[in-house]
Protein chains: 2
Amino acid sequence: MFESSTIKDIARALGLSTSTVSRALRDSYEISAGTKKLVTDYARKVHYRPNPNALSLKERKSKSIGIVVSEVANHYFSQAINGIESIANSRGYTVIITQTHESLEREIANVQHLAARSVDGLLISLSAETETTSHLEELHDRGLPIVFFDRIPEQINTHKITADNAKGAFDATTHLIRCGHKRIAHISSSAHLSISKERLDGYTKALTENGLSVDHQYIKNCPHGGMIQEELESVFQELMELEVLPEAIFVAGDRLTIGCMHVLKKLNLLNPTSIAIAGFSNSDVLDLFNPSLTSVFQPAFDMGQLATIKLLELIEAKYPVTEFERKVLNTQLFIR
Amino acid sequence: MFESSTIKDIARALGLSTSTVSRALRDSYEISAGTKKLVTDYARKVHYRPNPNALSLKERKSKSIGIVVSEVANHYFSQAINGIESIANSRGYTVIITQTHESLEREIANVQHLAARSVDGLLISLSAETETTSHLEELHDRGLPIVFFDRIPEQINTHKITADNAKGAFDATTHLIRCGHKRIAHISSSAHLSISKERLDGYTKALTENGLSVDHQYIKNCPHGGMIQEELESVFQELMELEVLPEAIFVAGDRLTIGCMHVLKKLNLLNPTSIAIAGFSNSDVLDLFNPSLTSVFQPAFDMGQLATIKLLELIEAKYPVTEFERKVLNTQLFIR
DNA sequence: TTGAAAGCGCTAACAA
DNA sequence: TTGTTAGCGCTTTCAA
């Protein structure tokens with residue numbers, strides 16, 4: 001098995017006590033220069049590394065944070081994770097990434113697991129299936145620091161980081177209207193998610209401000225956020241069976257946007273003259289699509305960084321924090 | 001701060017000793033049914049969870065495995081990670097994912113960090129910059145179980161899982177030849193990587209078997225695996241300055257393939273009549289590209305699963321393992 | 001059937 | 001300036 005040398009080993013080898021070695025390693029003022037050198041040299045020689053489990057046990061913290069996202073294959077999340085890591089690693093924290101694949105059951109299991117792993121805090125974007133948050137409230141009430149980003153709950157009082165979803169949706173829908181489209185459908189993830197509500201608001205506002213009516217036949221939800229391709233296909237089925245077909249669709253999510261393109265292709269509608277698409281996506285290959293599509297880009301990296309900064313504030317706070325922030329970052333419209 | 005109840009708390013509350021509580025919780029035969037029920041009921045009531053740090057300290061293992069990949073945004077790796085998680089989680093292991101972004105420096109830092117975190121084993125795909133593996137050999141020699149997948153070193157004697165890169169490259173190149181192309185360029189990651197060598201072999205073999213000569217002017221490497229878009233652009237620059245331009249390119253990597261498409265687009269060469277592309281990629285949106293491209297798909301999920309199974313064999317082995325396997329999985333050619 | 005005590009690696013209060 | 005000791009949460013040997 002894999003064993004590293006311990007303070008005890010060093011102490012024995014050097015004829016010192018463990019506390020002297022410990023202090024020497026931590027560069028304590030009480031230890032003489034000679035002893036320090038002796039100890040640090042020997043420690044380097046035997047590749048000494050402090051055992052993090054022992055440290056965690058002692059300090060009652062693990063220097064790790066847990067992340068809960070839908071899936072890392074989603075470019076929004078992989079970019080957010082890069083932002084999270086950039087801050088966390090530089091501050092000496094390990095990051096444990098878990099994926100829900102949009103399932104509430106897996107979200108609960110992941111959160112339980114992370115809590116049991118004694119992470120010092122949690123960074124969460126809710127799964128598409130998550131309507132209630134008792135599994136999180138309980139942990140939060142017991143003092144586990146949590147910061148939400150992207151898909152946030154209303155109930156829990158803590159820091160929350162989002163993009164300006166309403167504005168992004170408004171911009172995308174307005175763009176479709178300016179292109180001359182009047183009948184614009186909207187496909188979204190599960191209706192109860194914060195992002196779905198906000199993006200629906202932006203969509204509605206754009207229609208209304210441009211004198212267009214909101215037709216609820218044109219608004220469709222995918223409770224599994226497009227993880228199941230069939231749910232997207234049946235949504236299209238419904239849209240295609242309407243008396244008056246939509247001319248354009250505003251899609252409210254990364255995976256959904258890509259999924260829509262696949263369905264259009266399957267239906268042989270993937271050409272500039274049929275249905276226009278605009279959607280939220282952080283993918284880096286959208287410009288290679290043909291026909292291409294206008295997209296709403298979220299500052300995922302920045303959101304990840306900001307969420308982590310706020311989480312570390314909570315974790316390292318000397319006194320309980322009672323003032324929480326709700327940060328909203330700007331989106332960018334890429335017209336194609 | 002976040003505190004859960006401990007065995008000690010339960011023992012005190014129930015007027016028992018900690019050892020009795022411990023045994024009751026582990027369903028030991030020595031404990032009476034009554035006491036067991038008393039303890040387990042109370043434990044459930046107070047949400048008792050064993051402290052994993054204490055457990056790790058005692059057992060000298062952490063029930064966690066470390067993953068080192070280039071980047072999770074790469075579909076090959078995100079699929080491999082899903083495979084890894086599916087096995088690891090079902091066997092009670094936590095997975096810690098780290099990204100090198102193709103940098104050796106970050107690879108070393110990640111590996112050190114994971115070792116210091118006392119993971120029970122490591123799953124690694126080398127970075128594009130990695131030529132020597134002393135940073136891994138040292139840990140391996142000291143007994144840390146390691147399984148390599150995808151980009152594997154020659155030196156270290158352990159389990160290694162790869163796709164049949166030579167075959168995949170052969171198939172893709174042969175396809176381009178069958179399409180009537182004679183001057184086929186090859187763009188690859190850094191030359192010293194196992195995957196680069198194997199894919200070069202497959203490419204060469206396909207040319208030779210079809211009576212075409214191998215022209216080294218047509219073979220280009222990107223030492224940073226395409227993480228820097230400029231290196232890809234300068235490679236194209238060089239190709240475009242040749243007297244006889246290539247008619248097709250076989251690209252040996254996920255990120256590189258996407259990168260090539262971007263460069264072609266930028267050079268206004270992204271149309272069916274200019275340069276044909278075939279490349280390794282596990283992306284799920286290739287069919288939305290226009291013009292599309294033929295791709296070599298690796299069984300990433302299966303590779304992740306297999307690598308994890310072999311790693312857990314090493315970790316949980318009663319006796320030191322001396323027989324190691326080199327598993328090669330089939331690729332699939334998607335003609336578009 | 002239950003309890004006392006030691007020990008995993010480390011730090012820190014207290015002693016010397 | 002260095003050493004002794006207790007304790008973080010848990011399991012396990014030995015004793016009762």
# chains A, B, ... in the order shown; residues from 1 in each chain; ligands from 1
call {"tool": "calpha_fit_and_write", "arguments": {"fixed": "chain A", "moving": "chain B", "output": "tab-separated table (two decimals) with C-alpha atoms, in the first residue's frame"}}
result
chain	number	residue	atom	x	y	z
B	1	MET	CA	0.15	-0.03	-0.05
B	2	PHE	CA	0.91	3.62	-0.43
B	3	GLU	CA	2.38	5.08	2.73
B	4	SER	CA	4.06	8.41	3.19
B	5	SER	CA	6.28	9.28	6.09
B	6	THR	CA	4.73	10.97	9.09
B	7	ILE	CA	5.86	13.45	11.66
B	8	LYS	CA	6.42	10.56	13.96
B	9	ASP	CA	8.84	8.94	11.51
B	10	ILE	CA	10.78	12.16	11.23
B	11	ALA	CA	10.82	12.65	14.97
B	12	ARG	CA	12.12	9.15	15.54
B	13	ALA	CA	14.77	9.44	12.84
B	14	LEU	CA	16.01	12.75	14.20
B	15	GLY	CA	15.68	11.95	17.88
B	16	LEU	CA	13.19	14.76	18.43
B	17	SER	CA	9.64	14.88	19.70
B	18	THR	CA	6.70	15.03	17.34
B	19	SER	CA	5.71	18.43	18.63
B	20	THR	CA	9.11	19.86	17.85
B	21	VAL	CA	8.95	18.47	14.34
B	22	SER	CA	5.44	19.82	13.88
B	23	ARG	CA	6.50	23.26	15.00
B	24	ALA	CA	9.65	23.25	12.91
B	25	LEU	CA	7.63	22.35	9.84
B	26	ARG	CA	5.22	25.17	10.52
B	27	ASP	CA	8.15	27.55	10.99
B	28	SER	CA	7.23	28.35	14.56
B	29	TYR	CA	9.19	31.12	16.30
B	30	GLU	CA	9.93	28.87	19.25
B	31	ILE	CA	12.19	26.55	17.29
B	32	SER	CA	15.88	27.20	16.79
B	33	ALA	CA	17.18	27.82	13.30
B	34	GLY	CA	19.38	24.74	13.50
B	35	THR	CA	16.58	22.38	14.41
B	36	LYS	CA	14.34	23.91	11.77
B	37	LYS	CA	16.91	23.31	9.06
B	38	LEU	CA	17.54	19.78	10.28
B	39	VAL	CA	13.85	18.97	10.20
B	40	THR	CA	12.92	20.66	6.93
B	41	ASP	CA	15.89	19.15	5.12
B	42	TYR	CA	15.02	15.69	6.30
B	43	ALA	CA	11.34	16.19	5.57
B	44	ARG	CA	12.14	17.15	2.02
B	45	LYS	CA	14.41	14.16	1.67
B	46	VAL	CA	11.70	11.69	2.65
B	47	HIS	CA	8.98	13.53	0.68
B	48	TYR	CA	7.04	14.38	3.79
B	49	ARG	CA	3.46	15.53	3.17
B	50	PRO	CA	1.06	16.26	5.99
B	51	ASN	CA	-1.85	13.82	6.08
B	52	PRO	CA	-4.92	15.83	5.08
B	53	ASN	CA	-7.27	13.50	6.91
B	54	ALA	CA	-5.47	14.04	10.18
B	55	LEU	CA	-5.49	17.75	9.50
B	56	SER	CA	-9.18	17.78	8.68
B	57	LEU	CA	-9.98	15.78	11.75
B	58	LYS	CA	-8.09	18.20	13.92
B	59	GLU	CA	-9.22	21.41	12.31
B	60	ARG	CA	-12.75	20.25	11.72
B	61	LYS	CA	-12.61	21.31	8.12
B	62	SER	CA	-11.60	19.58	4.94
B	63	LYS	CA	-10.40	22.39	2.70
B	64	SER	CA	-12.65	21.05	0.00
B	65	ILE	CA	-15.80	22.34	-1.63
B	66	GLY	CA	-18.50	20.37	-3.37
B	67	ILE	CA	-20.01	21.29	-6.73
B	68	VAL	CA	-23.38	20.09	-7.94
B	69	VAL	CA	-24.24	20.67	-11.61
B	70	SER	CA	-26.36	18.97	-14.25
B	71	GLU	CA	-23.48	17.67	-16.33
B	72	VAL	CA	-19.94	18.66	-17.13
B	73	ALA	CA	-20.50	18.01	-20.84
B	74	ASN	CA	-22.61	21.18	-20.91
B	75	HIS	CA	-20.35	24.06	-21.95
B	76	TYR	CA	-22.01	26.48	-19.58
B	77	PHE	CA	-21.08	24.25	-16.66
B	78	SER	CA	-17.62	23.30	-17.84
B	79	GLN	CA	-16.80	27.00	-18.12
B	80	ALA	CA	-18.32	27.70	-14.71
B	81	ILE	CA	-16.23	24.86	-13.27
B	82	ASN	CA	-13.08	26.39	-14.72
B	83	GLY	CA	-13.97	29.61	-12.95
B	84	ILE	CA	-14.64	27.79	-9.69
B	85	GLU	CA	-11.36	25.88	-9.88
B	86	SER	CA	-9.33	28.98	-10.66
B	87	ILE	CA	-10.36	30.53	-7.36
B	88	ALA	CA	-10.62	27.42	-5.22
B	89	ASN	CA	-7.24	25.98	-6.14
B	90	SER	CA	-5.44	29.26	-5.65
B	91	ARG	CA	-6.88	29.41	-2.16
B	92	GLY	CA	-5.85	25.85	-1.31
B	93	TYR	CA	-9.21	24.18	-1.72
B	94	THR	CA	-9.95	20.93	-3.50
B	95	VAL	CA	-13.04	20.79	-5.62
B	96	ILE	CA	-15.30	17.74	-5.80
B	97	ILE	CA	-17.54	17.80	-8.87
B	98	THR	CA	-20.79	15.84	-8.98
B	99	GLN	CA	-23.39	15.57	-11.73
B	100	THR	CA	-27.16	15.23	-11.32
B	101	HIS	CA	-27.96	14.53	-14.96
B	102	GLU	CA	-31.08	16.59	-14.17
B	103	SER	CA	-32.34	14.02	-11.67
B	104	LEU	CA	-33.58	15.07	-8.22
B	105	GLU	CA	-32.76	11.67	-6.83
B	106	ARG	CA	-29.14	12.04	-7.90
B	107	GLU	CA	-29.06	15.59	-6.60
B	108	ILE	CA	-30.10	14.41	-3.17
B	109	ALA	CA	-27.63	11.54	-3.24
B	110	ASN	CA	-24.81	13.86	-4.34
B	111	VAL	CA	-25.56	16.44	-1.69
B	112	GLN	CA	-25.75	13.79	1.03
B	113	HIS	CA	-22.53	12.31	-0.16
B	114	LEU	CA	-20.73	15.65	-0.23
B	115	ALA	CA	-22.00	16.52	3.24
B	116	ALA	CA	-20.89	13.14	4.53
B	117	ARG	CA	-17.52	13.80	2.91
B	118	SER	CA	-17.45	16.86	5.12
B	119	VAL	CA	-16.91	19.45	2.44
B	120	ASP	CA	-16.59	22.93	3.87
B	121	GLY	CA	-19.22	24.34	1.54
B	122	LEU	CA	-21.41	23.70	-1.47
B	123	LEU	CA	-21.82	25.36	-4.87
B	124	ILE	CA	-25.07	24.31	-6.45
B	125	SER	CA	-27.06	24.72	-9.63
B	126	LEU	CA	-30.35	22.88	-9.15
B	127	SER	CA	-31.42	19.95	-11.30
B	128	ALA	CA	-34.36	20.32	-13.68
B	129	GLU	CA	-36.42	18.03	-11.48
B	130	THR	CA	-35.83	19.96	-8.28
B	131	GLU	CA	-38.95	21.77	-7.05
B	132	THR	CA	-38.48	21.68	-3.30
B	133	THR	CA	-35.24	22.11	-1.44
B	134	SER	CA	-35.75	20.49	1.92
B	135	HIS	CA	-32.69	18.32	1.33
B	136	LEU	CA	-30.64	21.52	1.16
B	137	GLU	CA	-32.46	23.54	3.78
B	138	GLU	CA	-31.70	20.97	6.42
B	139	LEU	CA	-27.96	21.14	5.76
B	140	HIS	CA	-28.05	24.91	5.46
B	141	ASP	CA	-29.88	25.24	8.77
B	142	ARG	CA	-27.25	23.10	10.41
B	143	GLY	CA	-24.63	25.57	9.26
B	144	LEU	CA	-23.25	24.26	5.98
B	145	PRO	CA	-22.32	27.23	3.77
B	146	ILE	CA	-24.06	27.07	0.40
B	147	VAL	CA	-23.94	29.40	-2.59
B	148	PHE	CA	-26.34	28.93	-5.47
B	149	PHE	CA	-25.60	29.85	-9.05
B	150	ASP	CA	-27.51	29.68	-12.33
B	151	ARG	CA	-30.59	27.77	-11.17
B	152	ILE	CA	-31.40	29.14	-7.75
B	153	PRO	CA	-34.14	28.43	-5.23
B	154	GLU	CA	-36.28	31.10	-3.65
B	155	GLN	CA	-36.46	29.62	-0.19
B	156	ILE	CA	-32.94	29.47	1.12
B	157	ASN	CA	-31.41	32.70	2.31
B	158	THR	CA	-27.81	32.82	1.09
B	159	HIS	CA	-25.67	34.27	-1.71
B	160	LYS	CA	-27.06	33.69	-5.18
B	161	ILE	CA	-25.34	34.32	-8.51
B	162	THR	CA	-27.21	34.37	-11.80
B	163	ALA	CA	-26.97	35.76	-15.29
B	164	ASP	CA	-29.50	38.36	-16.31
B	165	ASN	CA	-31.78	35.72	-17.76
B	166	ALA	CA	-34.73	38.02	-18.40
B	167	LYS	CA	-32.54	40.46	-20.30
B	168	GLY	CA	-30.88	37.67	-22.29
B	169	ALA	CA	-34.25	36.21	-23.24
B	170	PHE	CA	-35.57	39.66	-24.07
B	171	ASP	CA	-32.61	40.35	-26.36
B	172	ALA	CA	-32.87	37.04	-28.17
B	173	THR	CA	-36.61	37.32	-28.69
B	174	THR	CA	-36.33	40.93	-29.78
B	175	HIS	CA	-33.72	39.88	-32.32
B	176	LEU	CA	-36.10	37.30	-33.77
B	177	ILE	CA	-38.83	39.94	-33.98
B	178	ARG	CA	-36.48	42.36	-35.74
B	179	CYS	CA	-35.77	39.61	-38.24
B	180	GLY	CA	-39.43	39.88	-39.13
B	181	HIS	CA	-40.81	36.91	-37.22
B	182	LYS	CA	-44.19	37.32	-35.58
B	183	ARG	CA	-45.09	33.85	-34.37
B	184	ILE	CA	-42.26	32.95	-32.04
B	185	ALA	CA	-42.44	29.78	-29.98
B	186	HIS	CA	-40.59	29.27	-26.71
B	187	ILE	CA	-39.09	26.00	-25.50
B	188	SER	CA	-37.81	25.86	-21.95
B	189	SER	CA	-36.64	23.49	-19.23
B	190	SER	CA	-38.96	22.61	-16.35
B	191	ALA	CA	-41.34	25.45	-15.52
B	192	HIS	CA	-40.47	25.73	-11.84
B	193	LEU	CA	-36.76	26.51	-12.34
B	194	SER	CA	-35.74	30.11	-11.67
B	195	ILE	CA	-34.03	30.37	-15.04
B	196	SER	CA	-37.16	29.14	-16.82
B	197	LYS	CA	-39.35	31.73	-15.15
B	198	GLU	CA	-36.95	34.58	-15.80
B	199	ARG	CA	-36.40	33.63	-19.42
B	200	LEU	CA	-40.12	33.27	-19.94
B	201	ASP	CA	-40.54	36.78	-18.51
B	202	GLY	CA	-37.98	38.19	-20.94
B	203	TYR	CA	-39.63	36.42	-23.85
B	204	THR	CA	-43.08	37.67	-22.86
B	205	LYS	CA	-41.84	41.21	-22.37
B	206	ALA	CA	-40.22	41.30	-25.80
B	207	LEU	CA	-43.43	40.11	-27.46
B	208	THR	CA	-45.62	42.54	-25.56
B	209	GLU	CA	-43.39	45.54	-26.11
B	210	ASN	CA	-43.50	44.84	-29.82
B	211	GLY	CA	-47.23	44.58	-29.92
B	212	LEU	CA	-47.30	40.82	-30.32
B	213	SER	CA	-49.61	38.65	-28.30
B	214	VAL	CA	-48.43	35.81	-26.10
B	215	ASP	CA	-49.89	32.53	-27.30
B	216	HIS	CA	-49.61	29.76	-24.75
B	217	GLN	CA	-49.81	27.12	-27.42
B	218	TYR	CA	-46.37	28.29	-28.43
B	219	ILE	CA	-44.82	27.86	-25.00
B	220	LYS	CA	-43.48	24.40	-24.22
B	221	ASN	CA	-41.58	22.91	-21.31
B	222	CYS	CA	-39.22	19.96	-21.06
B	223	PRO	CA	-39.32	18.69	-17.46
B	224	HIS	CA	-36.04	16.85	-17.91
B	225	GLY	CA	-34.21	19.78	-19.46
B	226	GLY	CA	-33.66	17.92	-22.69
B	227	MET	CA	-31.76	15.03	-21.11
B	228	ILE	CA	-34.33	12.82	-22.81
B	229	GLN	CA	-34.38	13.55	-26.51
B	230	GLU	CA	-37.91	12.15	-26.85
B	231	GLU	CA	-39.40	14.90	-24.73
B	232	LEU	CA	-38.01	17.44	-27.12
B	233	GLU	CA	-39.29	15.48	-30.09
B	234	SER	CA	-42.80	15.33	-28.69
B	235	VAL	CA	-42.68	19.06	-28.01
B	236	PHE	CA	-41.88	19.60	-31.67
B	237	GLN	CA	-44.60	17.18	-32.62
B	238	GLU	CA	-47.06	19.36	-30.75
B	239	LEU	CA	-45.78	22.54	-32.34
B	240	MET	CA	-45.95	21.04	-35.81
B	241	GLU	CA	-49.54	20.01	-35.30
B	242	LEU	CA	-50.70	23.54	-34.60
B	243	GLU	CA	-52.88	25.22	-37.18
B	244	VAL	CA	-50.51	28.12	-37.55
B	245	LEU	CA	-46.89	27.02	-37.37
B	246	PRO	CA	-44.31	29.13	-35.54
B	247	GLU	CA	-41.77	30.93	-37.72
B	248	ALA	CA	-39.10	31.03	-35.06
B	249	ILE	CA	-38.24	29.48	-31.70
B	250	PHE	CA	-36.48	30.97	-28.71
B	251	VAL	CA	-34.86	28.13	-26.75
B	252	ALA	CA	-34.00	28.63	-23.10
B	253	GLY	CA	-31.03	26.39	-22.41
B	254	ASP	CA	-27.73	25.00	-23.66
B	255	ARG	CA	-28.64	21.36	-23.97
B	256	LEU	CA	-32.11	22.22	-25.27
B	257	THR	CA	-30.72	24.48	-27.97
B	258	ILE	CA	-28.45	21.75	-29.30
B	259	GLY	CA	-31.28	19.25	-28.93
B	260	CYS	CA	-33.59	21.46	-31.01
B	261	MET	CA	-31.06	21.63	-33.79
B	262	HIS	CA	-30.93	17.85	-33.83
B	263	VAL	CA	-34.70	17.57	-34.02
B	264	LEU	CA	-34.87	20.13	-36.81
B	265	LYS	CA	-32.26	18.20	-38.71
B	266	LYS	CA	-34.21	15.00	-38.22
B	267	LEU	CA	-37.38	16.70	-39.45
B	268	ASN	CA	-35.46	18.04	-42.42
B	269	LEU	CA	-36.17	21.58	-41.31
B	270	LEU	CA	-32.56	22.58	-40.86
B	271	ASN	CA	-32.29	25.24	-43.53
B	272	PRO	CA	-32.35	29.03	-43.59
B	273	THR	CA	-35.87	29.25	-44.95
B	274	SER	CA	-37.74	27.13	-42.43
B	275	ILE	CA	-37.66	27.80	-38.69
B	276	ALA	CA	-35.26	30.34	-37.18
B	277	ILE	CA	-33.69	29.49	-33.84
B	278	ALA	CA	-32.23	31.65	-31.12
B	279	GLY	CA	-31.21	30.20	-27.82
B	280	PHE	CA	-29.12	30.25	-24.67
B	281	SER	CA	-25.82	28.46	-25.28
B	282	ASN	CA	-22.20	28.70	-24.24
B	283	SER	CA	-21.05	26.25	-26.88
B	284	ASP	CA	-17.95	27.24	-28.83
B	285	VAL	CA	-19.00	25.57	-32.09
B	286	LEU	CA	-22.25	27.37	-32.83
B	287	ASP	CA	-20.63	29.35	-35.62
B	288	LEU	CA	-19.83	26.11	-37.41
B	289	PHE	CA	-23.48	25.20	-37.66
B	290	ASN	CA	-25.24	25.80	-40.92
B	291	PRO	CA	-27.67	27.39	-40.77
B	292	SER	CA	-26.20	29.05	-37.74
B	293	LEU	CA	-28.17	30.46	-34.85
B	294	THR	CA	-28.18	33.51	-32.69
B	295	SER	CA	-27.21	32.75	-29.13
B	296	VAL	CA	-27.27	34.21	-25.65
B	297	PHE	CA	-23.92	33.74	-23.95
B	298	GLN	CA	-23.66	33.73	-20.16
B	299	PRO	CA	-20.45	34.77	-18.39
B	300	ALA	CA	-20.10	31.28	-16.97
B	301	PHE	CA	-16.44	31.57	-15.97
B	302	ASP	CA	-17.07	34.82	-14.10
B	303	MET	CA	-20.16	33.39	-12.46
B	304	GLY	CA	-18.12	30.42	-11.23
B	305	GLN	CA	-15.42	32.70	-9.88
B	306	LEU	CA	-17.86	35.00	-8.15
B	307	ALA	CA	-19.83	32.15	-6.60
B	308	THR	CA	-16.61	30.67	-5.24
B	309	ILE	CA	-15.43	33.98	-3.81
B	310	LYS	CA	-18.74	34.39	-1.98
B	311	LEU	CA	-18.65	30.79	-0.76
B	312	LEU	CA	-15.14	31.17	0.63
B	313	GLU	CA	-16.29	34.34	2.39
B	314	LEU	CA	-18.95	32.29	4.13
B	315	ILE	CA	-16.61	29.42	4.92
B	316	GLU	CA	-13.88	31.59	6.31
B	317	ALA	CA	-16.12	34.10	8.06
B	318	LYS	CA	-15.20	34.75	11.68
B	319	TYR	CA	-18.77	35.57	12.60
B	320	PRO	CA	-22.03	34.26	11.19
B	321	VAL	CA	-22.98	36.07	7.99
B	322	THR	CA	-26.50	37.49	7.85
B	323	GLU	CA	-26.32	39.80	4.84
B	324	PHE	CA	-26.59	37.96	1.57
B	325	GLU	CA	-26.11	39.16	-1.98
B	326	ARG	CA	-27.96	38.42	-5.17
B	327	LYS	CA	-25.54	39.11	-8.03
B	328	VAL	CA	-26.84	39.34	-11.56
B	329	LEU	CA	-24.31	39.29	-14.40
B	330	ASN	CA	-24.86	40.50	-17.93
B	331	THR	CA	-25.41	38.17	-20.85
B	332	GLN	CA	-24.15	38.73	-24.38
B	333	LEU	CA	-26.12	38.32	-27.57
B	334	PHE	CA	-24.22	36.81	-30.49
B	335	ILE	CA	-26.11	37.49	-33.66
B	336	ARG	CA	-25.51	34.98	-36.44
call {"tool": "residues_around", "arguments": {"residues": "DA15 (chain C)", "least_positions_apart": "2", "cutoff": "12 Å", "atoms": "only C-alpha atoms (C1' of nucleotides)", "output": "ChimeraX atom specification"}}
result
/C:13 /D:2-5
call {"tool": "write_last_selection", "arguments": {"atoms": "N, CA and C atoms (P, O5', C5', C4', C3', O3' and C1' of nucleotides)", "output": "mmCIF file, in the first residue's frame"}}
result
data_model
loop_
_atom_site.group_PDB
_atom_site.id
_atom_site.type_symbol
_atom_site.label_atom_id
_atom_site.label_comp_id
_atom_site.auth_asym_id
_atom_site.auth_seq_id
_atom_site.Cartn_x
_atom_site.Cartn_y
_atom_site.Cartn_z
ATOM 1 P P DA C 13 -3.092 26.819 22.243
ATOM 2 O "O5'" DA C 13 -3.490 26.557 23.762
ATOM 3 C "C5'" DA C 13 -4.474 25.567 24.085
ATOM 4 C "C4'" DA C 13 -4.047 24.812 25.331
ATOM 5 C "C3'" DA C 13 -3.419 25.701 26.412
ATOM 6 O "O3'" DA C 13 -3.891 25.289 27.689
ATOM 7 C "C1'" DA C 13 -1.875 24.027 25.750
ATOM 8 P P DT D 2 15.390 23.517 19.664
ATOM 9 O "O5'" DT D 2 14.511 22.629 20.637
ATOM 10 C "C5'" DT D 2 15.171 21.818 21.592
ATOM 11 C "C4'" DT D 2 14.145 21.165 22.486
ATOM 12 C "C3'" DT D 2 13.248 20.134 21.801
ATOM 13 O "O3'" DT D 2 13.633 18.851 22.283
ATOM 14 C "C1'" DT D 2 12.056 21.470 23.368
ATOM 15 P P DG D 3 12.809 17.538 21.879
ATOM 16 O "O5'" DG D 3 11.824 17.404 23.121
ATOM 17 C "C5'" DG D 3 12.367 17.288 24.427
ATOM 18 C "C4'" DG D 3 11.269 16.969 25.419
ATOM 19 C "C3'" DG D 3 10.385 15.789 25.019
ATOM 20 O "O3'" DG D 3 10.120 15.022 26.192
ATOM 21 C "C1'" DG D 3 9.040 17.720 25.329
ATOM 22 P P DT D 4 9.294 13.688 26.102
ATOM 23 O "O5'" DT D 4 7.936 14.094 26.830
ATOM 24 C "C5'" DT D 4 7.949 14.943 27.975
ATOM 25 C "C4'" DT D 4 6.527 15.058 28.517
ATOM 26 C "C3'" DT D 4 5.642 13.843 28.282
ATOM 27 O "O3'" DT D 4 4.820 13.677 29.427
ATOM 28 C "C1'" DT D 4 4.643 15.725 27.278
ATOM 29 P P DT D 5 3.778 12.459 29.513
ATOM 30 O "O5'" DT D 5 2.440 13.179 29.006
ATOM 31 C "C5'" DT D 5 2.048 14.415 29.621
ATOM 32 C "C4'" DT D 5 0.732 14.877 29.022
ATOM 33 C "C3'" DT D 5 -0.258 13.758 28.695
ATOM 34 O "O3'" DT D 5 -1.529 14.159 29.167
ATOM 35 C "C1'" DT D 5 0.045 15.122 26.806
#
call {"tool": "select_by_dssp", "arguments": {"residues": "region 24-54 of chain A", "states": "alpha helix (DSSP H)", "output": "list in words"}}
result
Ala24, Leu25, Ala33, Gly34, Thr35, Lys36, Lys37, Leu38, Val39, Thr40, Asp41, Tyr42, Ala43, Arg44, Lys45, Pro52, Asn53 and Ala54 of chain A
call {"tool": "interface_residues", "arguments": {"of": "chain C", "to": "chain B", "cutoff": "10 Å", "atoms": "only C-alpha atoms (C1' of nucleotides)", "output": "MDAnalysis selection string"}}
result
chainID C and resid 1:4 7:9
call {"tool": "write_last_selection", "arguments": {"atoms": "C-alpha atoms (C1' of nucleotides)", "output": "short mmCIF file (atom, residue, chain, number, x, y, z; two decimals), in the first residue's frame"}}
result
data_model
loop_
_atom_site.label_atom_id
_atom_site.label_comp_id
_atom_site.auth_asym_id
_atom_site.auth_seq_id
_atom_site.Cartn_x
_atom_site.Cartn_y
_atom_site.Cartn_z
"C1'" DT C 1 -23.24 -8.35 25.92
"C1'" DT C 2 -20.77 -4.21 27.08
"C1'" DG C 3 -16.82 -1.12 28.37
"C1'" DA C 4 -11.95 0.71 28.69
"C1'" DG C 7 -3.95 4.35 18.17
"C1'" DC C 8 -4.48 6.39 13.16
"C1'" DG C 9 -1.44 11.80 12.14
#
call {"tool": "select_by_dssp", "arguments": {"residues": "region 68-297 of chain A", "states": "strand (DSSP E)", "output": "ChimeraX atom specification"}}
result
/A:68-69,94-99,121-124,146-149,160-163,184-188,219-221,248-251,276-280,294-297
call {"tool": "interface_residues", "arguments": {"of": "chain D", "to": "chain B", "cutoff": "8 Å", "atoms": "only C-alpha atoms (C1' of nucleotides)", "output": "PyMOL selection string"}}
result
chain D and resi 9-11
